[in-house]
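All remarks here apply to the structure that follows.
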Amino acid sequence: MLRARYFIAVAFIVSIGCTQRAAPPVTVNATHPIKNRKADTPQPVRAETDKDDEPATPSNAEAVPSETPSSTDSEGPGPESPPPHVERFLLMAQGGPVLVEATLTLDGRPLRDAMSHLVDALLADADIDGDGRPTWDEVVNSPEFKGGRYGNVEADTATEAARMVQLYDVNKNGVVDRGEVPRFLTRNAGGSRPFSLTSSNEFRGYNQFDSPTLRFLDRTRDGRLDAEEIAGATVRLRARDADVDDILVAADLANSSLDASPGQMSNRRRAAPDAAYLLNDQTQWDSLLYSLCELYAYGGDLDAGSFPHRPALFEKLDRDADGGVDRDEIQQLAELPPHIRLEAHFGTRPDSTDSTDAEDGYPGPRLKLTSLAEELQADPSTIAESDVRVSLEIPGTELVFFANDAAGVNYEAQAQGQITTYDANSDGYLEADELPNGLPGVAASFEVLDGDNDGKLHLDELTEYLRQRAGAALSQIRARAADEPDALFAALDDDNDGRLETRELDRAAEMLRSLDADDDGILASHELPGVMAVGFVRGDPQQANSLYVVPTVPNLAGEDVPAWFRPMDFNGDGEISAGEFLGQIEQFTDLDADGDGFLSAGEAGQTRVE
């Protein structure tokens, strides 16, 4: 490490020795690439109106800031364009529910198209005798489907085949009807739709009064932070920085010995309302109303004070102005203008001109914030956006939306690995006698894999099988909403990148004082803002836990900075502190145009070679 720092210092001194500041210097606040949080002037965001006839962008909206992609970046649907795939759900956030509407695309098309095309392909393959009427008998007796080519359940015996028909032939007519296919492809009824939403109440409430960060800073163990504990927060936090890199993650502050009994917590969690509800023709409105009453009215009836941070929503729901909301009125949630509109793009992006897929440079998913209701901007709210994360501070809650995609599997590489491993005679393909027990991890027989029936399993045949087997999982987007486990850590994490870095550690006491809502010098758990995360993911459902992890946003992504900047930024937080700087203090002072004790990418970029 010392040797590396020496060479970085030498490189910097050589480069800076023949440079001078450009005149006049321009101060660029590039502390973090996605936002300048807690700015004196709130960022303008697109305001939402009461009109609901324009699902993408209201015509009288304010301009979206340049760093916030606008829904008007591309032309609206033309006369030949299919209608967008829009899903609506309700987040049970602190201070009142939040209506969210998400437009979903896959490979630049409405999400629903992907599953529809997969159904078309299966129906065509299922019609083995070509009479235009595919039957379940054809399916269960076809080697193609027995081998699970579509990711479906394999049926190797007559008993398994009969059980499959009984399970998936819903109307018992023996015919493979279009509506029955998604269940067959995805192996279950609940996950058979292109989009699904689940939620977890595991940390509901606990992320505030049982915050691991709060408990770590609370040296007196009285459940709150007094003035002395707040003042000493920076020193105490730095004490947990074992590798002295000025980076802490939430796990560094967790202390399982202080956790409550898991059994007691799980019982309470089961009794709590869900964190989110999907709003569509399947919504159980009685259940939703009950949950709203439980969460926001302590089991009583909803009234004007139930949504303290969302009063306008209550007024809209109280259609008869009687001071309450009943079951019929609550159904207006399916039609009212949403508080938040997002776009979630997976696969080839709609604004991309190339057709690269996951195996050939697919750039990953993208989230876009397209509108934010005026009601959520009552207090200056902050917005942080990157391709895979959108963070919002709204009254009473911080919301984090993120996207993860596990579609980037190189099926050709997987197939090549299998062929290389089992190709005994090294002729570049597999023969049946080289696979006496079949191909490990692949249920299909050799005859099924050998698409052209030439007795040779070539790379392209195995690649196509592996890709097609994953087709159902890659044609769906799933979402999950949950409260973040540590509300105080999230509040201290000023740039929402999942880490506490140099500047955030230095400002810890200041941030804690700002959270003291009643200005009594004591920070109590109920004063912490709620934090909820909503993840949109694609991939194998068996990988759910690994997919629903908020991604870290890379700092300085795509920024043009001097060659010496990145290696000198040892903790990768996008700026260089005085402790990281390897030049002379006079050089640091000269480069630090705003005098804040940190060199941003913008400040470093103000140097030029003579």
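If you're wondering about the labels, chains in the structure tokens are A, B, ... by order shown, residues count from 1 in each chain, ligands from 1 in order shown.
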
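Within the 10 Å cut-off around Ala479 (chain A), using only C-alpha atoms and omitting residues fewer than 4 positions from it on the same chain, the listed residues are Phe195, Ser196, Leu197, Thr198, Ser199, Phe401, Phe402, Ala403, Val534, Gly535, Phe536, Val537, Arg538 and Tyr548 of chain A.
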
Residues from the last selection, N, CA, C and O atoms, saved as a short mmCIF file (atom, residue, chain, number, x, y, z; two decimals), in the first residue's frame:
```cif
data_model
loop_
_atom_site.label_atom_id
_atom_site.label_comp_id
_atom_site.auth_asym_id
_atom_site.auth_seq_id
_atom_site.Cartn_x
_atom_site.Cartn_y
_atom_site.Cartn_z
N PHE A 195 -45.77 -8.89 -14.29
CA PHE A 195 -45.29 -8.09 -13.16
C PHE A 195 -45.94 -8.59 -11.88
O PHE A 195 -47.14 -8.89 -11.84
N SER A 196 -45.15 -8.67 -10.82
CA SER A 196 -45.70 -9.05 -9.52
C SER A 196 -45.05 -8.18 -8.45
O SER A 196 -43.94 -7.66 -8.64
N LEU A 197 -45.75 -8.01 -7.36
CA LEU A 197 -45.27 -7.18 -6.25
C LEU A 197 -45.44 -7.93 -4.95
O LEU A 197 -46.51 -8.45 -4.66
N THR A 198 -44.38 -8.01 -4.18
CA THR A 198 -44.45 -8.54 -2.83
C THR A 198 -43.93 -7.48 -1.88
O THR A 198 -43.37 -6.46 -2.30
N SER A 199 -44.15 -7.68 -0.60
CA SER A 199 -43.65 -6.71 0.37
C SER A 199 -43.26 -7.44 1.65
O SER A 199 -43.67 -8.57 1.90
N PHE A 401 -35.82 3.75 -4.77
CA PHE A 401 -36.21 2.81 -5.81
C PHE A 401 -34.93 2.33 -6.51
O PHE A 401 -34.03 3.13 -6.78
N PHE A 402 -34.85 1.04 -6.80
CA PHE A 402 -33.65 0.54 -7.45
C PHE A 402 -34.00 -0.59 -8.41
O PHE A 402 -35.11 -1.15 -8.36
N ALA A 403 -33.06 -0.90 -9.29
CA ALA A 403 -33.27 -1.96 -10.27
C ALA A 403 -32.04 -2.86 -10.31
O ALA A 403 -30.90 -2.37 -10.29
N VAL A 534 -37.80 0.07 -2.67
CA VAL A 534 -38.60 -0.71 -3.62
C VAL A 534 -37.66 -1.15 -4.73
O VAL A 534 -37.07 -0.32 -5.43
N GLY A 535 -37.52 -2.47 -4.88
CA GLY A 535 -36.63 -3.00 -5.90
C GLY A 535 -37.39 -3.59 -7.06
O GLY A 535 -38.36 -4.32 -6.86
N PHE A 536 -36.96 -3.29 -8.28
CA PHE A 536 -37.47 -3.91 -9.50
C PHE A 536 -36.37 -4.84 -10.00
O PHE A 536 -35.25 -4.39 -10.24
N VAL A 537 -36.68 -6.12 -10.15
CA VAL A 537 -35.64 -7.08 -10.51
C VAL A 537 -36.12 -8.01 -11.61
O VAL A 537 -37.33 -8.20 -11.83
N ARG A 538 -35.14 -8.59 -12.30
CA ARG A 538 -35.43 -9.62 -13.31
C ARG A 538 -34.41 -10.72 -13.15
O ARG A 538 -33.23 -10.45 -12.89
N TYR A 548 -32.59 -8.49 -4.47
CA TYR A 548 -33.22 -7.37 -3.77
C TYR A 548 -32.23 -6.70 -2.81
O TYR A 548 -32.49 -6.54 -1.62
#
```

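In the backbone-derived DSSP annotation, strand (DSSP E or B) within region 226-345 of chain A comprises Leu248, Ala276, Tyr277, Leu278, Ile340, Arg341, Leu342, Glu343, Ala344 and His345 of chain A.
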
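Candidate residues A:Gly108, A:Pro440, A:Pro97, A:Gly148 were compared for distance to Ser291 (chain A), and the nearest is A:Pro97, using only C-alpha atoms.
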
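The interatomic distance for the pair CA of Glu412 (chain A) and CA of Ser475 (chain A) works out to 19.3 Å.
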
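The coordinates place CA of Phe581 (chain A) at 19.2 Å from CA of Arg238 (chain A).
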
Determine which residues of region 392-532 of chain A receive a DSSP assignment of alpha helix (DSSP H), computed from the backbone, and state them as a PyMOL selection string.
chain A and resi 411-422+446-449+459-469+487-492+502-506+508-514

So that I can see what lies close to Leu123 (chain A), please list as a ChimeraX atom specification the residues with an atom at most 10 Å from it, counting only C-alpha atoms and leaving out residues fewer than 6 positions away in the same chain.
/A:117,132-135,139,176-178,181

Determine, counting only C-alpha atoms, which protein, DNA and RNA residues have an atom within 8 Å of an atom of Gln468 (chain A); residues of the same chain fewer than 6 positions away are not included. Present the result as a PyMOL selection string.
chain A and resi 149-151
